Structures are given as structure tokens and as C-alpha cells.
Amino acid sequence: MSKEKLKPEDFPIEADKDKLKTHKGETVAEAQSEKIADEIADRLNEQAHKEEQDRWSA
């Protein structure tokens with residue numbers, strides 16, 4: 001796993017069991033459980049979507 005920051009092209013983030021992966025299948029993080037991985041992916045994707053909307057409305 002890389003210590004680099006997530007970039008817009010990494011989204012959407014997907015949960016694969018306890019791993020968080022980019023839409024290209026690259027693992028970016030691991031969670032303690034599948035449920036936590038799902039929640040993190042949802043929150044990251046929601047935040048990325050909000051930031052994208054903010055860029056277009058600015």
C-alpha cells in the first residue's frame with residue numbers, strides 16, 4: 001500500500017471485504033472489518049462527490 005494521498009481519479013473507492021480499493025483495483029487501505037470498510041468507502045465517495053459539486057458551483 002502506498003502512503004500517497006487519494007487523487008480524484010482514484011474514485012469511486014470500493015470496499016472489497018476489509019480492503020478499500022480504487023476503481024482500478026489498487027488497495028489504498030485496510031479496515032478492521034467488512035462493515036467498517038463499507039462505511040469508510042461510502043463516506044470517502046460522498047465527500048469526493050461533494051467536493052466535485054463544489055468545484056462546479058464555484
# chains A, B, ... in the order shown; residues from 1 in each chain; ligands from 1
>>> select_by_dssp(residues="chain A", states="alpha helix (DSSP H)", output="VMD selection string")
chain A and resid 34 to 57
>>> write_last_selection(atoms="N, CA and C atoms", output="compact mmCIF listing (two decimals), in the first residue's frame")
# COMPACT_ATOMS: atom_id res chain seq x y z
N GLU A 34 -15.33 -5.84 7.37
CA GLU A 34 -16.01 -5.51 6.13
C GLU A 34 -16.98 -4.34 6.33
N LYS A 35 -17.69 -4.34 7.46
CA LYS A 35 -18.67 -3.29 7.73
C LYS A 35 -17.98 -1.93 7.79
N ILE A 36 -16.85 -1.86 8.48
CA ILE A 36 -16.12 -0.59 8.59
C ILE A 36 -15.60 -0.18 7.21
N ALA A 37 -15.10 -1.11 6.44
CA ALA A 37 -14.61 -0.80 5.08
C ALA A 37 -15.73 -0.22 4.23
N ASP A 38 -16.93 -0.81 4.33
CA ASP A 38 -18.08 -0.29 3.58
C ASP A 38 -18.41 1.14 3.99
N GLU A 39 -18.41 1.39 5.30
CA GLU A 39 -18.73 2.73 5.81
C GLU A 39 -17.69 3.75 5.36
N ILE A 40 -16.42 3.38 5.43
CA ILE A 40 -15.35 4.30 5.01
C ILE A 40 -15.48 4.61 3.52
N ALA A 41 -15.69 3.59 2.71
CA ALA A 41 -15.83 3.79 1.26
C ALA A 41 -17.00 4.73 0.97
N ASP A 42 -18.13 4.51 1.64
CA ASP A 42 -19.30 5.37 1.43
C ASP A 42 -18.98 6.82 1.78
N ARG A 43 -18.33 7.02 2.91
CA ARG A 43 -18.01 8.39 3.34
C ARG A 43 -17.00 9.06 2.41
N LEU A 44 -15.98 8.32 2.00
CA LEU A 44 -15.00 8.89 1.07
C LEU A 44 -15.65 9.29 -0.25
N ASN A 45 -16.50 8.40 -0.77
CA ASN A 45 -17.16 8.68 -2.04
C ASN A 45 -18.13 9.86 -1.92
N GLU A 46 -18.83 9.94 -0.79
CA GLU A 46 -19.74 11.05 -0.56
C GLU A 46 -18.97 12.38 -0.51
N GLN A 47 -17.85 12.38 0.20
CA GLN A 47 -17.03 13.58 0.31
C GLN A 47 -16.46 13.97 -1.05
N ALA A 48 -15.98 13.02 -1.81
CA ALA A 48 -15.42 13.31 -3.13
C ALA A 48 -16.50 13.88 -4.04
N HIS A 49 -17.71 13.34 -3.96
CA HIS A 49 -18.82 13.83 -4.78
C HIS A 49 -19.16 15.28 -4.40
N LYS A 50 -19.19 15.56 -3.09
CA LYS A 50 -19.48 16.91 -2.62
C LYS A 50 -18.41 17.89 -3.10
N GLU A 51 -17.15 17.50 -3.02
CA GLU A 51 -16.07 18.38 -3.47
C GLU A 51 -16.16 18.65 -4.97
N GLU A 52 -16.54 17.63 -5.72
CA GLU A 52 -16.70 17.79 -7.17
C GLU A 52 -17.83 18.78 -7.47
N GLN A 53 -18.94 18.66 -6.75
CA GLN A 53 -20.05 19.60 -6.94
C GLN A 53 -19.64 21.02 -6.57
N ASP A 54 -18.88 21.17 -5.48
CA ASP A 54 -18.42 22.49 -5.05
C ASP A 54 -17.53 23.13 -6.12
N ARG A 55 -16.71 22.34 -6.78
CA ARG A 55 -15.84 22.88 -7.84
C ARG A 55 -16.67 23.42 -8.99
N TRP A 56 -17.75 22.73 -9.34
CA TRP A 56 -18.57 23.15 -10.45
C TRP A 56 -19.44 24.35 -10.10
N SER A 57 -19.79 24.52 -8.84
CA SER A 57 -20.66 25.62 -8.45
C SER A 57 -19.88 26.88 -8.06
>>> residues_around(residues="A:Phe11", least_positions_apart="2", cutoff="7 Å", atoms="only C-alpha atoms", output="MDAnalysis selection string")
chainID A and resid 8:9 13 22:23 45
>>> atom_distance(atom1="atom CA of A:Lys21", atom2="atom CA of A:Ser33")
14.3 Å
>>> atom_distance(atom1="atom CA of A:Lys24", atom2="atom CA of A:Lys5")
15.7 Å
>>> select_by_dssp(residues="chain A", states="strand (DSSP E or B)", output="list in words")
Glu14, Ala15, Asp16, Lys19, Leu20, Lys21, Thr27, Val28, Ala29 and Glu30 of chain A
>>> write_last_selection(atoms="C-alpha atoms", output="CSV table (one decimal), in the first residue's frame")
chain,number,residue,atom,x,y,z
A,14,GLU,CA,-14.8,0.3,-3.4
A,15,ALA,CA,-14.9,-2.0,-0.4
A,16,ASP,CA,-13.6,-5.5,-1.0
A,19,LYS,CA,-9.8,-3.6,2.0
A,20,LEU,CA,-10.5,-0.3,0.4
A,21,LYS,CA,-9.6,-0.2,-3.3
A,27,THR,CA,-5.6,-1.3,-2.5
A,28,VAL,CA,-5.4,2.0,-0.7
A,29,ALA,CA,-6.2,1.0,2.9
A,30,GLU,CA,-7.4,-1.9,5.2
